[in-house]
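Coordinates from work35.json are shown below (JSON, C-alpha atoms and all ligand atoms).
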[["chain", "number", "residue", "atom", "x", "y", "z"],
["A", 1393, "MET", "CA", 0.00, 0.00, 0.00],
["A", 1394, "ASN", "CA", 1.30, 3.42, -0.93],
["A", 1395, "PHE", "CA", 0.44, 6.40, 1.25],
["A", 1396, "VAL", "CA", 2.30, 9.09, -0.65],
["A", 1397, "THR", "CA", 0.74, 12.54, -0.37],
["A", 1398, "VAL", "CA", -0.13, 14.07, -3.75],
["A", 1399, "THR", "CA", -1.28, 17.69, -4.14],
["A", 1400, "ARG", "CA", -1.79, 19.85, -7.18],
["A", 1401, "PHE", "CA", -2.09, 23.42, -8.39],
["A", 1402, "ALA", "CA", -4.73, 23.63, -11.10],
["A", 1403, "PRO", "CA", -5.00, 27.13, -12.59],
["A", 1404, "SER", "CA", -7.17, 28.08, -15.56],
["A", 1405, "PRO", "CA", -5.01, 29.88, -18.15],
["A", 1406, "THR", "CA", -7.44, 32.74, -18.60],
["A", 1407, "GLY", "CA", -5.17, 35.48, -17.27],
["A", 1408, "ARG", "CA", -1.89, 36.12, -15.49],
["A", 1409, "LEU", "CA", -1.41, 34.75, -11.99],
["A", 1410, "HIS", "CA", -1.44, 37.19, -9.10],
["A", 1411, "ILE", "CA", -0.24, 36.98, -5.52],
["A", 1412, "GLY", "CA", -3.39, 35.10, -4.42],
["A", 1413, "HIS", "CA", -2.60, 32.31, -6.88],
["A", 1414, "ALA", "CA", 0.99, 32.29, -5.66],
["A", 1415, "ALA", "CA", -0.16, 31.83, -2.07],
["A", 1416, "SER", "CA", -2.36, 28.89, -3.08],
["A", 1417, "ALA", "CA", 0.36, 27.25, -5.19],
["A", 1418, "ILE", "CA", 2.88, 27.67, -2.35],
["A", 1419, "ARG", "CA", 0.51, 26.04, 0.14],
["A", 1420, "ALA", "CA", -0.17, 23.06, -2.14],
["A", 1421, "HIS", "CA", 3.52, 22.71, -2.98],
["A", 1422, "ASP", "CA", 4.69, 22.93, 0.63],
["A", 1423, "HIS", "CA", 2.00, 20.52, 1.81],
["A", 1424, "ALA", "CA", 3.34, 17.83, -0.52],
["A", 1425, "ARG", "CA", 7.00, 18.57, 0.11],
["A", 1426, "ALA", "CA", 6.56, 18.53, 3.91],
["A", 1427, "ALA", "CA", 5.09, 15.03, 3.59],
["A", 1428, "GLY", "CA", 7.76, 13.83, 1.16],
["A", 1429, "GLY", "CA", 5.02, 13.64, -1.46],
["A", 1430, "ARG", "CA", 4.38, 14.83, -4.99],
["A", 1431, "PHE", "CA", 3.17, 18.19, -6.24],
["A", 1432, "LEU", "CA", 1.49, 18.27, -9.66],
["A", 1433, "LEU", "CA", 0.71, 21.09, -12.05],
["A", 1434, "ARG", "CA", -2.48, 20.81, -14.06],
["A", 1435, "ILE", "CA", -3.63, 23.39, -16.57],
["A", 1436, "GLU", "CA", -7.42, 23.64, -16.67],
["A", 1437, "ASP", "CA", -7.69, 24.73, -20.29],
["A", 1438, "ILE", "CA", -11.00, 23.30, -21.47],
["A", 1439, "ASP", "CA", -12.53, 26.75, -21.76],
["A", 1440, "GLY", "CA", -11.50, 27.22, -25.39],
["A", 1441, "THR", "CA", -12.84, 30.74, -25.61],
["A", 1442, "ARG", "CA", -10.88, 32.10, -22.64],
["A", 1443, "SER", "CA", -7.75, 29.90, -22.37],
["A", 1444, "ARG", "CA", -4.63, 31.24, -24.09],
["A", 1445, "PRO", "CA", -1.25, 29.56, -24.75],
["A", 1446, "GLU", "CA", 0.69, 32.61, -23.55],
["A", 1447, "PHE", "CA", -0.99, 32.35, -20.16],
["A", 1448, "ILE", "CA", 0.09, 28.68, -19.89],
["A", 1449, "ALA", "CA", 3.70, 29.63, -20.53],
["A", 1450, "GLY", "CA", 3.30, 32.45, -18.03],
["A", 1451, "ILE", "CA", 2.06, 30.09, -15.30],
["A", 1452, "GLU", "CA", 5.10, 27.87, -15.57],
["A", 1453, "ALA", "CA", 7.46, 30.86, -15.62],
["A", 1454, "ASP", "CA", 5.75, 32.36, -12.56],
["A", 1455, "LEU", "CA", 5.98, 29.15, -10.52],
["A", 1456, "GLU", "CA", 9.63, 28.67, -11.44],
["A", 1457, "TRP", "CA", 10.33, 32.26, -10.42],
["A", 1458, "LEU", "CA", 8.75, 31.52, -7.02],
["A", 1459, "GLY", "CA", 11.11, 28.57, -6.65],
["A", 1460, "LEU", "CA", 8.33, 25.97, -6.85],
["A", 1461, "THR", "CA", 9.04, 22.65, -8.57],
["A", 1462, "TRP", "CA", 6.44, 20.19, -9.76],
["A", 1463, "ASP", "CA", 6.67, 16.48, -10.41],
["A", 1464, "GLY", "CA", 6.13, 14.81, -13.75],
["A", 1465, "PRO", "CA", 4.71, 16.36, -16.89],
["A", 1466, "VAL", "CA", 2.17, 19.17, -16.74],
["A", 1467, "LEU", "CA", -1.30, 17.78, -17.44],
["A", 1468, "ARG", "CA", -3.51, 19.80, -19.74],
["A", 1469, "GLN", "CA", -7.21, 19.15, -19.46],
["A", 1470, "SER", "CA", -7.59, 19.72, -23.19],
["A", 1471, "THR", "CA", -5.88, 16.33, -23.66],
["A", 1472, "ARG", "CA", -8.42, 14.58, -21.44],
["A", 1473, "LEU", "CA", -11.63, 15.10, -23.38],
["A", 1474, "ASP", "CA", -12.16, 11.36, -23.98],
["A", 1475, "ALA", "CA", -12.16, 10.73, -20.23],
["A", 1476, "TYR", "CA", -14.79, 13.43, -19.66],
["A", 1477, "ALA", "CA", -16.91, 12.05, -22.51],
["A", 1478, "ALA", "CA", -16.72, 8.56, -20.99],
["A", 1479, "ALA", "CA", -17.84, 9.84, -17.59],
["A", 1480, "LEU", "CA", -20.72, 11.72, -19.18],
["A", 1481, "GLU", "CA", -21.73, 8.52, -20.95],
["A", 1482, "THR", "CA", -21.69, 6.66, -17.64],
["A", 1483, "LEU", "CA", -23.89, 9.29, -15.98],
["A", 1484, "ARG", "CA", -26.20, 9.38, -18.98],
["A", 1485, "GLY", "CA", -26.49, 5.60, -18.80],
["A", 1486, "MET", "CA", -27.55, 5.98, -15.16],
["A", 1487, "GLY", "CA", -30.36, 8.27, -16.32],
["A", 1488, "LEU", "CA", -28.95, 11.25, -14.45],
["A", 1489, "LEU", "CA", -28.31, 13.74, -17.26],
["A", 1490, "TYR", "CA", -30.63, 15.73, -19.45],
["A", 1491, "PRO", "CA", -29.98, 18.13, -22.32],
["A", 1492, "CYS", "CA", -30.81, 21.77, -21.63],
["A", 1493, "PHE", "CA", -31.55, 24.18, -24.46],
["A", 1494, "CYS", "CA", -32.21, 27.26, -22.33],
["A", 1495, "THR", "CA", -30.31, 30.45, -23.01],
["A", 1496, "ARG", "CA", -29.05, 32.59, -20.13],
["A", 1497, "ALA", "CA", -31.74, 35.15, -20.97],
["A", 1498, "GLU", "CA", -34.49, 32.51, -20.84],
["A", 1499, "ILE", "CA", -33.26, 31.25, -17.48],
["A", 1500, "ALA", "CA", -33.14, 34.77, -16.08],
["A", 1501, "ALA", "CA", -36.64, 35.52, -17.42],
["A", 1502, "SER", "CA", -38.14, 32.36, -15.92],
["A", 1503, "LEU", "CA", -36.90, 33.23, -12.45],
["A", 1504, "SER", "CA", -39.52, 35.55, -11.02],
["A", 1505, "ALA", "CA", -37.88, 35.48, -7.61],
["A", 1506, "PRO", "CA", -34.39, 34.11, -8.27],
["A", 1507, "HIS", "CA", -33.52, 31.44, -5.78],
["A", 1508, "GLY", "CA", -29.80, 31.74, -5.25],
["A", 1509, "GLY", "CA", -27.35, 28.85, -5.11],
["A", 1510, "PRO", "CA", -23.64, 29.06, -4.27],
["A", 1511, "ASP", "CA", -22.81, 29.95, -7.89],
["A", 1512, "GLY", "CA", -25.69, 32.30, -8.64],
["A", 1513, "PRO", "CA", -29.33, 31.70, -9.48],
["A", 1514, "LEU", "CA", -30.46, 28.08, -9.41],
["A", 1515, "TYR", "CA", -31.59, 26.58, -12.70],
["A", 1516, "PRO", "CA", -35.39, 26.31, -12.54],
["A", 1517, "GLY", "CA", -35.48, 22.88, -14.18],
["A", 1518, "THR", "CA", -37.28, 23.89, -17.39],
["A", 1519, "CYS", "CA", -35.68, 21.25, -19.62],
["A", 1520, "ARG", "CA", -35.77, 18.47, -17.02],
["A", 1521, "HIS", "CA", -39.28, 17.63, -18.13],
["A", 1522, "LEU", "CA", -38.75, 17.53, -21.90],
["A", 1523, "SER", "CA", -39.78, 14.22, -23.42],
["A", 1524, "ALA", "CA", -37.03, 12.16, -25.05],
["A", 1525, "ALA", "CA", -38.68, 12.77, -28.43],
["A", 1526, "GLU", "CA", -38.81, 16.52, -27.95],
["A", 1527, "ALA", "CA", -35.22, 16.66, -26.73],
["A", 1528, "SER", "CA", -33.88, 14.63, -29.64],
["A", 1529, "SER", "CA", -35.78, 16.76, -32.15],
["A", 1530, "ARG", "CA", -33.85, 19.79, -30.82],
["A", 1531, "PHE", "CA", -30.32, 18.36, -30.73],
["A", 1532, "ALA", "CA", -29.24, 20.61, -33.61],
["A", 1533, "GLU", "CA", -29.75, 23.58, -31.25],
["A", 1534, "PRO", "CA", -26.93, 24.57, -28.88],
["A", 1535, "HIS", "CA", -27.38, 22.69, -25.63],
["A", 1536, "CYS", "CA", -25.57, 21.76, -22.46],
["A", 1537, "TRP", "CA", -26.04, 18.69, -20.24],
["A", 1538, "ARG", "CA", -27.27, 19.08, -16.69],
["A", 1539, "ILE", "CA", -27.44, 16.62, -13.86],
["A", 1540, "ASP", "CA", -30.85, 15.86, -12.34],
["A", 1541, "MET", "CA", -29.58, 16.64, -8.87],
["A", 1542, "ALA", "CA", -32.56, 15.38, -6.86],
["A", 1543, "THR", "CA", -32.43, 11.99, -8.58],
["A", 1544, "ALA", "CA", -28.65, 11.81, -8.19],
["A", 1545, "VAL", "CA", -28.83, 12.62, -4.48],
["A", 1546, "ALA", "CA", -31.56, 10.04, -3.97],
["A", 1547, "ARG", "CA", -29.27, 7.50, -5.59],
["A", 1548, "THR", "CA", -26.15, 8.19, -3.48],
["A", 1549, "GLY", "CA", -27.81, 8.83, -0.14],
["A", 1550, "PRO", "CA", -26.05, 11.06, 2.44],
["A", 1551, "LEU", "CA", -22.41, 11.86, 1.77],
["A", 1552, "ARG", "CA", -19.66, 13.45, 3.82],
["A", 1553, "TRP", "CA", -16.23, 14.85, 3.19],
["A", 1554, "HIS", "CA", -13.49, 16.21, 5.38],
["A", 1555, "ASP", "CA", -11.94, 19.65, 5.36],
["A", 1556, "ALA", "CA", -8.86, 20.47, 7.39],
["A", 1557, "ARG", "CA", -10.41, 23.67, 8.81],
["A", 1558, "ALA", "CA", -14.14, 22.92, 8.72],
["A", 1559, "GLY", "CA", -13.85, 19.31, 9.91],
["A", 1560, "ASP", "CA", -16.43, 16.73, 8.81],
["A", 1561, "VAL", "CA", -18.85, 18.27, 6.33],
["A", 1562, "THR", "CA", -22.20, 16.89, 5.20],
["A", 1563, "ALA", "CA", -22.37, 17.21, 1.43],
["A", 1564, "ASP", "CA", -25.19, 19.43, 0.19],
["A", 1565, "PRO", "CA", -25.15, 19.14, -3.60],
["A", 1566, "LEU", "CA", -28.87, 19.95, -3.80],
["A", 1567, "ALA", "CA", -28.02, 23.54, -2.88],
["A", 1568, "HIS", "CA", -26.39, 23.82, -6.32],
["A", 1569, "GLY", "CA", -29.43, 22.63, -8.26],
["A", 1570, "ASP", "CA", -29.08, 20.91, -11.64],
["A", 1571, "VAL", "CA", -25.52, 22.04, -12.42],
["A", 1572, "VAL", "CA", -24.07, 21.85, -15.92],
["A", 1573, "LEU", "CA", -21.66, 18.95, -16.48],
["A", 1574, "ALA", "CA", -21.06, 19.48, -20.22],
["A", 1575, "ARG", "CA", -21.22, 23.05, -21.45],
["A", 1576, "LYS", "CA", -22.56, 24.38, -24.72],
["A", 1577, "ASP", "CA", -19.11, 25.67, -25.60],
["A", 1578, "ALA", "CA", -16.92, 23.12, -23.81],
["A", 1579, "PRO", "CA", -17.06, 19.31, -23.61],
["A", 1580, "ALA", "CA", -17.07, 19.28, -19.81],
["A", 1581, "SER", "CA", -17.72, 21.69, -16.98],
["A", 1582, "TYR", "CA", -15.22, 22.57, -14.27],
["A", 1583, "HIS", "CA", -17.04, 20.31, -11.78],
["A", 1584, "LEU", "CA", -16.76, 17.21, -13.95],
["A", 1585, "ALA", "CA", -13.22, 17.73, -15.24],
["A", 1586, "VAL", "CA", -11.73, 18.59, -11.86],
["A", 1587, "THR", "CA", -13.31, 15.58, -10.15],
["A", 1588, "ILE", "CA", -12.17, 13.13, -12.80],
["A", 1589, "ASP", "CA", -8.65, 14.46, -13.05],
["A", 1590, "ASP", "CA", -8.02, 14.69, -9.32],
["A", 1591, "SER", "CA", -8.89, 11.00, -9.12],
["A", 1592, "TRP", "CA", -6.99, 10.00, -12.27],
["A", 1593, "GLN", "CA", -3.86, 11.79, -11.08],
["A", 1594, "GLY", "CA", -4.09, 10.18, -7.64],
["A", 1595, "VAL", "CA", -4.44, 13.49, -5.79],
["A", 1596, "THR", "CA", -4.80, 12.68, -2.09],
["A", 1597, "ASP", "CA", -4.98, 16.23, -0.70],
["A", 1598, "ILE", "CA", -6.72, 19.12, -2.42],
["A", 1599, "VAL", "CA", -5.25, 22.39, -1.24],
["A", 1600, "ARG", "CA", -7.17, 25.33, -2.72],
["A", 1601, "GLY", "CA", -8.91, 28.57, -1.86],
["A", 1602, "GLN", "CA", -12.00, 28.86, 0.32],
["A", 1603, "ASP", "CA", -13.88, 30.17, -2.74],
["A", 1604, "LEU", "CA", -14.11, 26.56, -3.96],
["A", 1605, "PHE", "CA", -15.40, 25.14, -0.67],
["A", 1606, "ALA", "CA", -19.03, 25.04, -1.85],
["A", 1607, "ALA", "CA", -18.09, 23.40, -5.16],
["A", 1608, "THR", "CA", -16.78, 20.44, -3.15],
["A", 1609, "HIS", "CA", -20.39, 19.40, -2.42],
["A", 1610, "VAL", "CA", -20.84, 18.74, -6.14],
["A", 1611, "HIS", "CA", -17.45, 17.05, -6.47],
["A", 1612, "ARG", "CA", -18.25, 14.71, -3.58],
["A", 1613, "LEU", "CA", -21.49, 13.71, -5.30],
["A", 1614, "LEU", "CA", -19.71, 13.03, -8.60],
["A", 1615, "GLN", "CA", -17.11, 10.92, -6.78],
["A", 1616, "ALA", "CA", -19.88, 8.80, -5.31],
["A", 1617, "LEU", "CA", -21.68, 8.40, -8.65],
["A", 1618, "LEU", "CA", -18.53, 7.54, -10.59],
["A", 1619, "GLY", "CA", -16.97, 5.30, -7.93],
["A", 1620, "LEU", "CA", -13.98, 7.59, -7.35],
["A", 1621, "PRO", "CA", -12.09, 8.06, -4.06],
["A", 1622, "THR", "CA", -12.61, 11.18, -1.95],
["A", 1623, "PRO", "CA", -9.44, 13.17, -1.24],
["A", 1624, "ARG", "CA", -8.82, 15.18, 1.91],
["A", 1625, "TYR", "CA", -9.64, 18.87, 1.45],
["A", 1626, "HIS", "CA", -7.71, 21.87, 2.73],
["A", 1627, "HIS", "CA", -9.58, 25.02, 1.77],
["A", 1628, "HIS", "CA", -7.44, 27.94, 2.79],
["A", 1629, "PRO", "CA", -8.40, 31.57, 3.48],
["A", 1630, "LEU", "CA", -8.14, 33.94, 0.54],
["A", 1631, "LEU", "CA", -5.78, 36.86, 0.53],
["A", 1632, "THR", "CA", -7.46, 40.21, 0.95],
["A", 1633, "ASP", "CA", -6.45, 43.79, 0.38],
["A", 1634, "ALA", "CA", -6.10, 46.36, 3.14],
["A", 1635, "ASN", "CA", -9.90, 46.84, 3.12],
["A", 1636, "GLY", "CA", -10.59, 43.16, 3.62],
["A", 1637, "LYS", "CA", -11.64, 42.72, -0.01],
["A", 1638, "ARG", "CA", -10.59, 39.57, -1.83],
["A", 1639, "LEU", "CA", -7.57, 40.09, -4.07],
["A", 1640, "ALA", "CA", -8.51, 39.87, -7.71],
["A", 1641, "LYS", "CA", -6.72, 40.91, -10.81],
["A", 1642, "ARG", "CA", -9.59, 43.05, -11.98],
["A", 1643, "ASP", "CA", -9.24, 45.12, -8.83],
["A", 1644, "GLY", "CA", -5.61, 45.83, -9.55],
["A", 1645, "ALA", "CA", -3.88, 43.04, -7.61],
["A", 1646, "PRO", "CA", -0.38, 42.99, -9.06],
["A", 1647, "THR", "CA", 0.36, 40.09, -11.39],
["A", 1648, "LEU", "CA", 3.36, 37.94, -10.60],
["A", 1649, "ALA", "CA", 4.76, 38.95, -13.99],
["A", 1650, "ALA", "CA", 4.60, 42.62, -12.97],
["A", 1651, "LEU", "CA", 6.30, 41.88, -9.65],
["A", 1652, "ARG", "CA", 9.01, 39.92, -11.47],
["A", 1653, "ASP", "CA", 9.50, 42.72, -14.00],
["A", 1654, "SER", "CA", 9.91, 45.18, -11.17],
["A", 1655, "GLY", "CA", 12.99, 43.23, -10.10],
["A", 1656, "ILE", "CA", 11.58, 41.47, -7.03],
["A", 1657, "ASP", "CA", 13.25, 38.16, -6.11],
["A", 1658, "GLY", "CA", 10.56, 35.46, -6.48],
["A", 1659, "VAL", "CA", 12.05, 33.02, -4.00],
["A", 1660, "ALA", "CA", 12.26, 35.75, -1.36],
["A", 1661, "LEU", "CA", 8.68, 36.75, -2.18],
["A", 1662, "ALA", "CA", 7.52, 33.15, -1.72],
["A", 1663, "ASP", "CA", 9.22, 33.05, 1.68],
["A", 1664, "ALA", "CA", 7.56, 36.35, 2.61],
["A", 1665, "VAL", "CA", 4.15, 34.92, 1.63],
["A", 1666, "ARG", "CA", 4.88, 31.83, 3.76],
["A", 1667, "ALA", "CA", 5.58, 34.17, 6.66],
["A", 1668, "GLY", "CA", 2.36, 36.12, 6.03],
["A", 1669, "ARG", "CA", 4.15, 39.20, 4.71],
["A", 1670, "LEU", "CA", 2.79, 40.38, 1.39],
["A", 1671, "PRO", "CA", 3.87, 43.04, -1.07],
["A", 1672, "ASP", "CA", 2.25, 46.47, -0.93],
["A", 1673, "GLY", "CA", -1.35, 46.53, -2.04],
["A", 1674, "SER", "CA", -2.14, 43.12, -0.62],
["A", 1675, "ALA", "CA", -2.61, 42.47, 3.06],
["A", 1676, "ALA", "CA", -3.24, 39.57, 5.36],
["A", 1677, "ALA", "CA", -5.20, 36.40, 4.87],
["A", 1678, "SER", "CA", -8.82, 36.38, 6.00],
["A", 1679, "ALA", "CA", -11.34, 33.60, 6.48],
["B", 1, "LIG", "N1", -9.06, 25.88, -12.24],
["B", 1, "LIG", "C1", -9.67, 26.42, -11.07],
["B", 1, "LIG", "C2", -9.38, 27.90, -10.98],
["B", 1, "LIG", "O1", -8.42, 28.36, -11.58],
["B", 1, "LIG", "C3", -9.21, 25.81, -9.77],
["B", 1, "LIG", "C4", -9.48, 24.37, -9.68],
["B", 1, "LIG", "C5", -9.32, 23.76, -8.30],
["B", 1, "LIG", "O2", -8.34, 24.08, -7.60],
["B", 1, "LIG", "O3", -10.14, 22.93, -7.96],
["B", 1, "LIG", "O4", -10.11, 28.59, -10.32]]
Let me see the structure of the file written as structure tokens.
Ligand code: GLU
Amino acid sequence: MNFVTVTRFAPSPTGRLHIGHAASAIRAHDHARAAGGRFLLRIEDIDGTRSRPEFIAGIEADLEWLGLTWDGPVLRQSTRLDAYAAALETLRGMGLLYPCFCTRAEIAASLSAPHGGPDGPLYPGTCRHLSAAEASSRFAEPHCWRIDMATAVARTGPLRWHDARAGDVTADPLAHGDVVLARKDAPASYHLAVTIDDSWQGVTDIVRGQDLFAATHVHRLLQALLGLPTPRYHHHPLLTDANGKRLAKRDGAPTLAALRDSGIDGVALADAVRAGRLPDGSAAASA
């Protein structure tokens, strides 16, 4: 039996990394290294409209600058589409998926009093009730695939997962409603691809920001449905600015590339982040 700790950093190459990403990558890296384990780099590039090759190159350069090393080849999700298709086929075979033809505008219009989920308004279930004949007559139209969450939850029964800070957590995937597992414009959604790849790569410990805590409810459900193991979770606090606001590039958080170009030593910066000291414009971690 092998008990090696495996962690990963899994950025989406839709922009340059900033100091918040660095803090997350450092945590995942150090968690593996402290345990004598492996740290993997995975590029979540299935969003063809927003992913860019120059951002992928930038991610690797940024991590190297910080003095972080990863094990084995970098996995790109764009090479894993067959695995996502196979999982979708399995879930379809279990009768848990349905095609959804709704546009964003139609969904918004059908929500008289939007009932919010962790990721925004909950899908009202319009297409869940389409007959098979009606659905197949519309397959030429753009459509995504959603999971029938109530049926899926009834099938798995109660589920739990463990978070290093929150302790034992009861999974609540129903709070997310019928989430999309295959997008109109991408062959898989984040939820599906991340769950499959974490299992396929043997990730034992998922170290990532608190912003993805709620998504774990959906991931735990997918693990149960697809017979995949459940890793340990370590959701860490996000970095905030001096006003307590989450650091985000759009709000002017400095990119790692900009810090590097300004002559800052990346290894020293990584050590400062480890010690809770951040460059100007970014302050302490909050819950
Ligand atoms: N690709 C996701 C992001 O950049 C993170 C995935 C994860 O850590 O689960 O937000």
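Using only C-alpha atoms, the residues found no farther than 8 Å from Arg1468 in chain A, other than those of its own chain fewer than 5 positions away, are Arg1434, Ile1435, Glu1436 and Asp1437 of chain A.
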Protein and nucleic acid residues within 6 Å of ligand LIG 1 (chain B) (all atoms listed in the file) as number ranges by chain: A: 1402-1404, 1436, 1600
Output C-alpha atoms for every residue in that selection, as an mmCIF file, in the coordinates of the input.
data_model
loop_
_atom_site.group_PDB
_atom_site.id
_atom_site.type_symbol
_atom_site.label_atom_id
_atom_site.label_comp_id
_atom_site.auth_asym_id
_atom_site.auth_seq_id
_atom_site.Cartn_x
_atom_site.Cartn_y
_atom_site.Cartn_z
ATOM 1 C CA ALA A 1402 -4.730 23.630 -11.100
ATOM 2 C CA PRO A 1403 -5.000 27.130 -12.590
ATOM 3 C CA SER A 1404 -7.170 28.080 -15.560
ATOM 4 C CA GLU A 1436 -7.420 23.640 -16.670
ATOM 5 C CA ARG A 1600 -7.170 25.330 -2.720
#
Length of the CA of Trp1553 in chain A to CA of Gly1487 in chain A vector [Å]: 25.0 Å
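Comparing the minimum interatomic distances between Cys1536 in chain A and each of A:Ala1556, A:Val1572, A:Ala1649, A:Val1586, counting all atoms listed in the file, we find that A:Val1572 sits nearest.
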All residues 12 Å or closer to Gly1658 in chain A, only C-alpha atoms, same chain fewer than 2 positions away omitted, as a PDB file with C-alpha atoms, in the coordinates of the input:
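Saved the output as out_19.pdb:
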ATOM      1  CA  ILE A1411      -0.240  36.980  -5.520  1.00  0.00           C
ATOM      2  CA  ALA A1414       0.990  32.290  -5.660  1.00  0.00           C
ATOM      3  CA  ILE A1418       2.880  27.670  -2.350  1.00  0.00           C
ATOM      4  CA  ALA A1453       7.460  30.860 -15.620  1.00  0.00           C
ATOM      5  CA  ASP A1454       5.750  32.360 -12.560  1.00  0.00           C
ATOM      6  CA  LEU A1455       5.980  29.150 -10.520  1.00  0.00           C
ATOM      7  CA  GLU A1456       9.630  28.670 -11.440  1.00  0.00           C
ATOM      8  CA  TRP A1457      10.330  32.260 -10.420  1.00  0.00           C
ATOM      9  CA  LEU A1458       8.750  31.520  -7.020  1.00  0.00           C
ATOM     10  CA  GLY A1459      11.110  28.570  -6.650  1.00  0.00           C
ATOM     11  CA  LEU A1460       8.330  25.970  -6.850  1.00  0.00           C
ATOM     12  CA  LEU A1648       3.360  37.940 -10.600  1.00  0.00           C
ATOM     13  CA  ALA A1649       4.760  38.950 -13.990  1.00  0.00           C
ATOM     14  CA  ALA A1650       4.600  42.620 -12.970  1.00  0.00           C
ATOM     15  CA  LEU A1651       6.300  41.880  -9.650  1.00  0.00           C
ATOM     16  CA  ARG A1652       9.010  39.920 -11.470  1.00  0.00           C
ATOM     17  CA  ASP A1653       9.500  42.720 -14.000  1.00  0.00           C
ATOM     18  CA  SER A1654       9.910  45.180 -11.170  1.00  0.00           C
ATOM     19  CA  GLY A1655      12.990  43.230 -10.100  1.00  0.00           C
ATOM     20  CA  ILE A1656      11.580  41.470  -7.030  1.00  0.00           C
ATOM     21  CA  ALA A1660      12.260  35.750  -1.360  1.00  0.00           C
ATOM     22  CA  LEU A1661       8.680  36.750  -2.180  1.00  0.00           C
ATOM     23  CA  ALA A1662       7.520  33.150  -1.720  1.00  0.00           C
ATOM     24  CA  ASP A1663       9.220  33.050   1.680  1.00  0.00           C
ATOM     25  CA  ALA A1664       7.560  36.350   2.610  1.00  0.00           C
ATOM     26  CA  VAL A1665       4.150  34.920   1.630  1.00  0.00           C
ATOM     27  CA  PRO A1671       3.870  43.040  -1.070  1.00  0.00           C
TER      28      PRO A1671
END
Which residues, written as a tab-separated table (two decimals) with C-alpha atoms, in the coordinates of the input, have at least one atom at most 10 Å from Asp1439 in chain A, with only C-alpha atoms counted and residues fewer than 3 positions away on the same chain left out?
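So part.tsv came out as:
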chain	number	residue	atom	x	y	z
A	1404	SER	CA	-7.17	28.08	-15.56
A	1405	PRO	CA	-5.01	29.88	-18.15
A	1406	THR	CA	-7.44	32.74	-18.60
A	1436	GLU	CA	-7.42	23.64	-16.67
A	1442	ARG	CA	-10.88	32.10	-22.64
A	1443	SER	CA	-7.75	29.90	-22.37
A	1444	ARG	CA	-4.63	31.24	-24.09
A	1469	GLN	CA	-7.21	19.15	-19.46
A	1470	SER	CA	-7.59	19.72	-23.19
A	1575	ARG	CA	-21.22	23.05	-21.45
A	1577	ASP	CA	-19.11	25.67	-25.60
A	1578	ALA	CA	-16.92	23.12	-23.81
A	1579	PRO	CA	-17.06	19.31	-23.61
A	1580	ALA	CA	-17.07	19.28	-19.81
A	1581	SER	CA	-17.72	21.69	-16.98
A	1582	TYR	CA	-15.22	22.57	-14.27
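Close contacts of Trp1592 in chain A, defined as residues with an atom at most 12 Å away when counting only C-alpha atoms, with chain neighbours fewer than 6 positions off set aside, comprise A:Val1398, A:Arg1434, A:Leu1467, A:Gln1469, A:Arg1472, A:Ala1475, A:Tyr1476, A:Ala1585, A:Val1586, A:Gln1615, A:Leu1618, A:Gly1619, A:Leu1620, A:Pro1621, A:Thr1622, A:Pro1623.
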Straight-line distance linking CA of His1611 in chain A with CA of Phe1395 in chain A, stated in Å to one decimal: 22.2 Å
So which residues touch Thr1647 in chain A within 8 Å, counting all atoms listed in the file, skipping near sequence neighbours fewer than 5 positions away, as a PDB file with C-alpha atoms, in the frame of the given file?
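Saved to result_18.pdb:
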ATOM      1  CA  ARG A1408      -1.890  36.120 -15.490  1.00  0.00           C
ATOM      2  CA  LEU A1409      -1.410  34.750 -11.990  1.00  0.00           C
ATOM      3  CA  HIS A1410      -1.440  37.190  -9.100  1.00  0.00           C
ATOM      4  CA  ILE A1411      -0.240  36.980  -5.520  1.00  0.00           C
ATOM      5  CA  LYS A1641      -6.720  40.910 -10.810  1.00  0.00           C
TER       6      LYS A1641
END
